[in-house]
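**Student:** What follows is input_8.cif, mmCIF, C-alpha atoms.
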```cif
data_run
loop_
_atom_site.label_atom_id
_atom_site.label_comp_id
_atom_site.auth_asym_id
_atom_site.auth_seq_id
_atom_site.Cartn_x
_atom_site.Cartn_y
_atom_site.Cartn_z
CA MET J 1 3.21 21.60 -0.21
CA THR J 2 3.21 18.11 1.31
CA VAL J 3 6.43 16.24 1.99
CA ASP J 4 5.68 13.59 -0.63
CA ALA J 5 5.56 16.33 -3.30
CA ILE J 6 9.22 17.30 -2.78
CA GLU J 7 11.22 16.89 -5.99
CA ASP J 8 14.93 16.40 -6.53
CA GLY J 9 16.69 19.75 -6.31
CA ASP J 10 14.14 21.39 -4.01
CA HIS J 11 15.36 23.64 -1.18
CA VAL J 12 12.49 23.51 1.28
CA CYS J 13 11.60 25.29 4.52
CA LEU J 14 9.81 23.47 7.33
CA THR J 15 8.53 25.58 10.22
CA TYR J 16 6.88 23.63 13.02
CA SER J 17 5.42 23.83 16.51
CA ASP J 18 4.92 20.11 17.23
CA PRO J 19 8.26 18.20 17.43
CA ASP J 20 6.57 14.86 16.70
CA GLU J 21 4.94 16.25 13.58
CA ARG J 22 8.34 17.50 12.44
CA LEU J 23 9.84 14.04 12.93
CA ASP J 24 7.04 12.44 10.89
CA LEU J 25 7.79 14.76 7.96
CA ILE J 26 11.54 14.28 8.23
CA ALA J 27 11.13 10.50 8.38
CA ASP J 28 9.11 10.57 5.15
CA PHE J 29 11.69 12.81 3.48
CA VAL J 30 14.54 10.51 4.53
CA ALA J 31 12.67 7.36 3.47
CA ALA J 32 12.00 8.82 0.01
CA GLY J 33 15.69 9.62 -0.40
CA LEU J 34 16.75 6.11 0.57
CA ASP J 35 14.19 4.61 -1.81
CA ARG J 36 15.47 6.80 -4.68
CA GLY J 37 19.07 5.74 -4.17
CA HIS J 38 20.23 9.05 -2.70
CA LYS J 39 22.76 9.52 0.03
CA VAL J 40 21.06 11.08 3.06
CA LEU J 41 22.63 13.29 5.73
CA CYS J 42 20.69 14.29 8.84
CA PHE J 43 22.14 17.12 10.92
CA THR J 44 20.42 17.42 14.29
CA ASP J 45 20.67 19.90 17.16
CA SER J 46 17.36 19.98 19.04
CA ILE J 47 17.66 16.25 19.78
CA SER J 48 20.73 14.00 19.86
CA PRO J 49 21.78 11.80 16.94
CA GLU J 50 20.94 8.76 19.09
CA LYS J 51 17.42 10.05 19.74
CA LEU J 52 16.87 10.89 16.07
CA THR J 53 18.05 7.39 15.15
CA GLU J 54 15.52 5.95 17.58
CA GLU J 55 12.69 8.13 16.24
CA LEU J 56 13.38 7.26 12.60
CA SER J 57 13.58 3.56 13.43
CA TRP J 58 10.26 3.70 15.30
CA ARG J 59 8.72 5.22 12.18
CA GLY J 60 9.69 2.18 10.13
CA LEU J 61 13.00 3.22 8.53
CA ALA J 62 15.78 0.64 8.22
CA VAL J 63 18.24 3.00 9.90
CA ALA J 64 20.76 0.37 11.02
CA ARG J 65 21.06 -1.09 7.53
CA ALA J 66 21.28 2.29 5.80
CA THR J 67 23.95 3.59 8.18
CA ALA J 68 25.93 0.35 7.87
CA THR J 69 26.10 0.74 4.08
CA GLY J 70 26.97 4.44 4.34
CA GLN J 71 23.82 5.59 2.56
CA LEU J 72 22.56 7.35 5.71
CA ALA J 73 24.50 9.43 8.22
CA ILE J 74 23.04 11.09 11.32
CA ALA J 75 25.29 13.64 13.02
CA GLU J 76 25.27 16.63 15.32
CA GLY J 77 24.73 19.93 13.56
CA GLY J 78 28.16 21.13 14.60
CA ARG J 79 29.66 18.93 11.90
CA LEU J 80 27.97 21.17 9.34
CA TRP J 81 27.67 24.57 11.04
CA PHE J 82 30.87 24.72 13.11
CA ALA J 83 33.25 22.63 11.03
CA ASN J 84 36.12 25.09 11.59
CA GLY J 85 35.19 26.14 15.11
CA SER J 86 32.99 29.09 14.19
CA THR J 87 29.89 29.77 12.15
CA SER J 88 30.58 30.73 8.56
CA ALA J 89 28.13 30.62 5.66
CA THR J 90 31.01 30.14 3.24
CA ASP J 91 32.48 27.22 5.19
CA THR J 92 29.07 25.58 5.49
CA LEU J 93 28.43 25.90 1.77
CA ASP J 94 31.89 24.50 1.05
CA THR J 95 31.12 21.52 3.30
CA LEU J 96 27.88 20.83 1.43
CA THR J 97 29.61 21.21 -1.94
CA ALA J 98 32.18 18.60 -0.88
CA GLU J 99 29.39 16.27 0.33
CA ILE J 100 27.62 16.59 -3.02
CA ALA J 101 30.81 15.65 -4.86
CA LEU J 102 31.48 12.75 -2.49
CA ALA J 103 27.96 11.36 -2.98
CA ARG J 104 28.48 11.43 -6.73
CA GLU J 105 31.86 9.69 -6.42
CA GLN J 106 30.23 7.01 -4.27
CA GLY J 107 27.68 6.32 -7.00
CA TYR J 108 24.56 7.83 -5.43
CA ASP J 109 21.93 9.48 -7.60
CA GLY J 110 21.84 12.58 -5.41
CA LEU J 111 22.27 13.95 -1.91
CA ARG J 112 19.46 14.64 0.57
CA VAL J 113 20.10 16.79 3.61
CA THR J 114 17.90 17.51 6.61
CA ALA J 115 19.23 20.53 8.49
CA ASP J 116 17.99 21.29 11.99
CA MET J 117 18.46 25.06 12.38
CA TRP J 118 18.16 25.03 16.19
CA TRP J 119 21.89 25.81 16.45
CA ALA J 120 21.11 29.38 15.39
CA THR J 121 19.20 30.01 18.63
CA GLN J 122 22.32 29.47 20.73
CA PRO J 123 24.39 32.39 22.09
CA VAL J 124 27.47 31.36 20.07
CA ALA J 125 25.56 31.48 16.79
CA ALA J 126 25.84 34.35 14.32
CA VAL J 127 22.36 34.89 12.92
CA GLN J 128 23.71 36.98 10.05
CA GLU J 129 25.66 33.90 8.90
CA LEU J 130 22.45 31.87 8.97
CA LEU J 131 20.77 34.47 6.76
CA ALA J 132 23.76 34.49 4.41
CA PHE J 133 23.71 30.71 4.18
CA GLU J 134 20.01 30.54 3.35
CA SER J 135 20.38 33.26 0.70
CA ARG J 136 23.07 31.28 -1.14
CA ALA J 137 22.13 27.65 -0.44
CA ALA J 138 19.59 27.48 -3.26
CA ASP J 139 22.45 27.79 -5.77
CA LEU J 140 23.66 24.33 -4.75
CA SER J 141 20.32 22.78 -5.72
CA THR J 142 19.98 24.13 -9.25
CA ASP J 143 21.22 20.95 -10.98
CA GLY J 144 19.08 18.62 -8.86
CA ARG J 145 21.98 16.94 -7.05
CA LEU J 146 21.07 18.43 -3.65
CA THR J 147 17.62 18.24 -2.06
CA ALA J 148 17.32 19.84 1.37
CA ILE J 149 14.88 20.60 4.18
CA CYS J 150 15.78 23.36 6.64
CA GLN J 151 13.80 23.03 9.89
CA TYR J 152 12.77 25.99 12.05
CA ASP J 153 11.03 25.68 15.42
CA ARG J 154 8.44 28.46 15.65
CA ASP J 155 8.94 28.60 19.42
CA GLY J 156 12.69 29.15 19.08
CA PHE J 157 12.96 31.81 16.38
CA ASP J 158 11.66 35.36 16.28
CA PRO J 159 9.02 36.29 13.67
CA VAL J 160 11.51 38.29 11.57
CA THR J 161 13.87 35.33 11.18
CA LEU J 162 10.98 32.97 10.42
CA ALA J 163 9.68 35.34 7.75
CA PHE J 164 13.13 35.58 6.18
CA ALA J 165 13.51 31.79 6.23
CA ALA J 166 10.22 31.37 4.39
CA GLU J 167 11.24 33.91 1.75
CA ALA J 168 14.70 32.36 1.28
CA HIS J 169 13.21 29.00 0.25
CA ALA J 170 11.37 28.40 -2.98
CA LYS J 171 8.99 25.99 -1.25
CA THR J 172 7.60 25.29 2.21
CA VAL J 173 6.40 21.94 3.52
CA ALA J 174 3.77 21.07 6.09
CA ALA J 175 1.50 18.23 7.09
CA VAL J 176 -1.98 18.22 5.58
CA ALA J 177 -4.24 19.74 8.25
CA TYR J 178 -7.93 18.84 8.28
CA HIS J 179 -8.60 21.15 11.23
CA ASP J 180 -6.38 23.57 13.11
CA ASP J 181 -7.44 26.03 15.79
CA ALA J 182 -6.57 26.90 19.37
CA LEU J 183 -8.31 23.79 20.78
CA LEU J 184 -7.83 21.08 18.17
CA ARG J 185 -5.45 20.02 15.41
CA ILE J 186 -6.19 17.08 13.11
CA CYS J 187 -3.51 16.38 10.52
CA ARG J 188 -2.10 13.69 8.28
CA GLN J 189 0.62 11.49 9.80
CA HIS J 190 3.06 10.08 7.27
CA ARG J 191 5.14 7.71 9.38
CA PRO J 192 3.54 5.45 10.48
CA PRO J 193 0.70 6.29 8.07
CA GLY J 194 -2.55 7.60 9.46
CA ILE J 195 -3.70 10.69 11.34
CA ARG J 196 -2.56 12.70 14.36
CA ILE J 197 -5.06 14.46 16.65
CA ALA J 198 -4.06 16.84 19.45
CA GLY J 199 -6.11 18.97 21.83
CA GLU J 200 -9.79 18.41 22.58
CA LEU J 201 -12.19 16.54 20.27
CA ASP J 202 -15.97 16.49 20.58
CA TYR J 203 -19.15 16.20 18.50
CA THR J 204 -18.73 19.72 17.08
CA ARG J 205 -15.66 18.61 15.07
CA LEU J 206 -16.98 15.42 13.48
CA GLU J 207 -16.69 16.68 9.90
CA PRO J 208 -12.87 17.12 9.86
CA LEU J 209 -12.51 13.92 11.87
CA GLN J 210 -14.50 11.95 9.31
CA GLN J 211 -12.58 13.58 6.46
CA ALA J 212 -9.25 12.59 8.01
CA LEU J 213 -10.40 9.04 8.68
CA SER J 214 -11.83 8.65 5.19
CA GLU J 215 -8.56 9.70 3.58
CA ALA J 216 -6.58 7.35 5.81
CA LEU J 217 -8.95 4.49 4.96
CA ARG J 218 -8.39 5.24 1.27
CA LEU J 219 -4.60 5.66 1.37
CA ASP J 220 -3.31 3.32 4.05
CA ASP J 221 -3.33 -0.42 4.64
CA ASP J 222 -3.09 -0.37 8.41
CA ILE J 223 -4.17 2.98 9.87
CA HIS J 224 -2.40 4.59 12.81
CA VAL J 225 -4.45 7.06 14.85
CA ASN J 226 -2.10 9.00 17.09
CA LEU J 227 -3.99 10.44 20.06
CA GLY J 228 -0.98 10.81 22.32
CA LYS J 229 -1.56 14.56 22.68
CA LEU J 230 -5.35 14.42 22.80
CA ARG J 231 -6.51 15.66 26.19
CA PHE J 232 -10.22 14.90 25.78
CA ILE J 233 -12.55 12.99 23.49
CA ASP J 234 -16.32 12.67 23.88
CA ILE J 235 -18.42 9.56 23.33
CA THR J 236 -19.65 10.70 19.91
CA ALA J 237 -16.19 11.27 18.44
CA ALA J 238 -14.88 8.04 19.99
CA THR J 239 -17.77 6.16 18.38
CA VAL J 240 -16.89 7.61 14.95
CA ILE J 241 -13.33 6.31 15.28
CA ALA J 242 -14.52 2.87 16.45
CA LYS J 243 -17.00 2.59 13.56
CA ALA J 244 -14.26 3.48 11.07
CA ALA J 245 -12.18 0.61 12.45
CA LEU J 246 -15.13 -1.79 12.20
CA SER J 247 -15.53 -0.88 8.52
CA LEU J 248 -12.10 -2.35 7.76
CA PRO J 249 -11.80 -5.83 6.27
CA THR J 250 -10.31 -8.46 8.56
CA ASP J 251 -6.83 -8.20 6.97
CA ARG J 252 -6.53 -4.47 7.82
CA HIS J 253 -6.21 -2.88 11.22
CA MET J 254 -6.46 0.43 13.01
CA ILE J 255 -3.85 1.06 15.70
CA ILE J 256 -4.76 3.78 18.19
CA SER J 257 -2.06 5.25 20.43
CA CYS J 258 -3.48 7.10 23.43
CA GLY J 259 -3.50 7.33 27.19
CA GLY J 260 -5.43 8.35 30.29
CA SER J 261 -9.07 9.34 29.96
CA VAL J 262 -8.97 8.98 26.16
CA THR J 263 -8.26 5.26 26.55
CA GLU J 264 -11.15 4.90 28.98
CA THR J 265 -13.58 6.66 26.62
CA LEU J 266 -12.57 4.40 23.73
CA ARG J 267 -13.16 1.36 25.93
CA LEU J 268 -16.59 2.66 26.89
CA VAL J 269 -17.64 2.53 23.22
CA GLY J 270 -16.19 -0.98 22.82
CA ALA J 271 -13.19 0.02 20.72
CA ASP J 272 -10.91 -2.56 22.32
CA GLU J 273 -13.34 -5.34 21.48
CA ALA J 274 -13.20 -4.85 17.70
CA GLY J 275 -10.98 -7.38 15.98
CA GLN J 276 -9.69 -4.82 13.49
CA LEU J 277 -8.75 -2.29 16.19
CA ARG J 278 -5.86 -2.24 18.65
CA VAL J 279 -5.56 0.33 21.43
CA GLN J 280 -2.04 0.83 22.76
CA ALA J 281 -0.32 3.20 25.15
CA ALA J 282 1.09 6.33 23.55
CA ARG J 283 4.87 6.69 23.43
#
```
Mind converting the file's structure to structure tokens?
**Tutor:**
Amino acid sequence: MTVDAIEDGDHVCLTYSDPDERLDLIADFVAAGLDRGHKVLCFTDSISPEKLTEELSWRGLAVARATATGQLAIAEGGRLWFANGSTSATDTLDTLTAEIALAREQGYDGLRVTADMWWATQPVAAVQELLAFESRAADLSTDGRLTAICQYDRDGFDPVTLAFAAEAHAKTVAAVAYHDDALLRICRQHRPPGIRIAGELDYTRLEPLQQALSEALRLDDDIHVNLGKLRFIDITAATVIAKAALSLPTDRHMIISCGGSVTETLRLVGADEAGQLRVQAAR
């Protein structure tokens, strides 16, 4: 399922390989919770709370305002997983139960939680407690007050744990992928809205490129084309992107983030001369 299809009360699994793609999905999940009047808690381990704050802000979320009002809290995962100094599924569930009750007392319509599971890869972690937590966590979501995404890095967890995580959640979430193989991935980017392309792109992959661009043109006002992890683009594919930008009316824009040889190829086809198109350095 896509992140915008998550409903109140869902307990969702997100497995990922691209950290930036994960952050796009989490940003959309958090933004939806803030818009719905939910309290939102983000527990992070793989990156610091400060870095997650920066990433969410860059993706257009009013993080400073939401944290100032108490609607949003971003904290290290230890606050959830090691509240009493050791990992315990029971203690973690008790902490979430208390947070649900507190959100209700504070007048919020529900509680949204993003849980970075990277802590379970550390030597001090007890994997059996992780499995016990996931087996019982769905019970907290039955009345719709808790909506949660548990995030698993495919590079950090063994296949057995990843398979269990998928089975323990009623739903899984992923970005819409228009093309995905060993050389190229083209997928939907939610925050900022547009598409993300990584790998190597040439004339043999014009169909998924055009499909992704067409959907972005239909759904988004200004279109962000993230080419930060694109190693190569040929003249034909670059021309397709430039023509898509030229098809926009003057009050809409395409913003391309890229670097190195990709920037030079786009300039060769005149992309930086189109009024509706802006080429900027990738983050």
**Student:** Any idea what's packed within 12 Å of Arg104 in chain J, counting only C-alpha atoms, ignoring anything in its chain fewer than 3 positions away? Could you give it as a ChimeraX atom specification?
**Tutor:** /J:37-39,71,97-101,107-111,145-146
**Student:** Report, as lines of an AutoDock Vina configuration file, the axis-aligned box around all atoms of range 175-191 of chain J present in the file, extended by 6 Å on each side; give centre and edge lengths in Å to one decimal place.
**Tutor:**
```
center_x = -1.7
center_y = 17.3
center_z = 13.2
size_x = 25.7
size_y = 31.2
size_z = 27.2
```
**Student:** Once the PyMOL selection byres ((chain J and resi 61) around 12) has been evaluated on this model, what residues remain selected, and can you format them as a ChimeraX atom specification?
**Tutor:** /J:24,26-35,52-60,62-67,72,191-192
**Student:** Would you save the residues of that selection, restricted to C-alpha atoms, as a PDB file, in the frame of the given file?
**Tutor:**
```
ATOM      1  CA  ASP J  24       7.040  12.440  10.890  1.00  0.00           C
ATOM      2  CA  ILE J  26      11.540  14.280   8.230  1.00  0.00           C
ATOM      3  CA  ALA J  27      11.130  10.500   8.380  1.00  0.00           C
ATOM      4  CA  ASP J  28       9.110  10.570   5.150  1.00  0.00           C
ATOM      5  CA  PHE J  29      11.690  12.810   3.480  1.00  0.00           C
ATOM      6  CA  VAL J  30      14.540  10.510   4.530  1.00  0.00           C
ATOM      7  CA  ALA J  31      12.670   7.360   3.470  1.00  0.00           C
ATOM      8  CA  ALA J  32      12.000   8.820   0.010  1.00  0.00           C
ATOM      9  CA  GLY J  33      15.690   9.620  -0.400  1.00  0.00           C
ATOM     10  CA  LEU J  34      16.750   6.110   0.570  1.00  0.00           C
ATOM     11  CA  ASP J  35      14.190   4.610  -1.810  1.00  0.00           C
ATOM     12  CA  LEU J  52      16.870  10.890  16.070  1.00  0.00           C
ATOM     13  CA  THR J  53      18.050   7.390  15.150  1.00  0.00           C
ATOM     14  CA  GLU J  54      15.520   5.950  17.580  1.00  0.00           C
ATOM     15  CA  GLU J  55      12.690   8.130  16.240  1.00  0.00           C
ATOM     16  CA  LEU J  56      13.380   7.260  12.600  1.00  0.00           C
ATOM     17  CA  SER J  57      13.580   3.560  13.430  1.00  0.00           C
ATOM     18  CA  TRP J  58      10.260   3.700  15.300  1.00  0.00           C
ATOM     19  CA  ARG J  59       8.720   5.220  12.180  1.00  0.00           C
ATOM     20  CA  GLY J  60       9.690   2.180  10.130  1.00  0.00           C
ATOM     21  CA  ALA J  62      15.780   0.640   8.220  1.00  0.00           C
ATOM     22  CA  VAL J  63      18.240   3.000   9.900  1.00  0.00           C
ATOM     23  CA  ALA J  64      20.760   0.370  11.020  1.00  0.00           C
ATOM     24  CA  ARG J  65      21.060  -1.090   7.530  1.00  0.00           C
ATOM     25  CA  ALA J  66      21.280   2.290   5.800  1.00  0.00           C
ATOM     26  CA  THR J  67      23.950   3.590   8.180  1.00  0.00           C
ATOM     27  CA  LEU J  72      22.560   7.350   5.710  1.00  0.00           C
ATOM     28  CA  ARG J 191       5.140   7.710   9.380  1.00  0.00           C
ATOM     29  CA  PRO J 192       3.540   5.450  10.480  1.00  0.00           C
TER      30      PRO J 192
END
```
**Student:** Would you list the residues near (-16.6, 6.1, 20.6) (no more than 9 Å away, in the coordinates of the file, using only C-alpha atoms) as a PyMOL selection string?
**Tutor:** chain J and resi 233-243+265-271
**Student:** With the file shown as input, list the residues that the PyMOL selection byres ((chain J and resi 9-13) around 8) selects, as a list in words.
**Tutor:**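 Checked against the file, the PyMOL selection byres ((chain J and resi 9-13) around 8) matches Ile6, Glu7, Asp8, Leu14, Thr15, Ala137, Ala138, Ser141, Thr142, Asp143, Gly144, Arg145, Leu146, Thr147, Ala148, Ile149, Cys150, Gln151, Tyr152, Ala165, Ala166, His169, Ala170, Lys171, Thr172 and Val173 of chain J.
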**Student:** So which residues touch Gln210 in chain J within 10 Å, counting all atoms listed in the file, skipping near sequence neighbours fewer than 4 positions away, as a PyMOL selection string?
**Tutor:** chain J and resi 178+205-206+214-216+237+240-241+244
**Student:** Could you check which of J:Ala5, J:Ala282, J:Leu162, J:Leu209 is closest to Ile195 in chain J, using all atoms listed in the file?
**Tutor:**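 With all atoms listed in the file as the atom set, the closest residue is J:Leu209.
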**Student:** Given the PyMOL selection byres ((chain J and resi 256) around 10) and the file above, list the residues it selects as a PyMOL selection string.
**Tutor:** chain J and resi 194-196+223-228+241-242+245+253-255+257-259+263+266+271-272+277-282
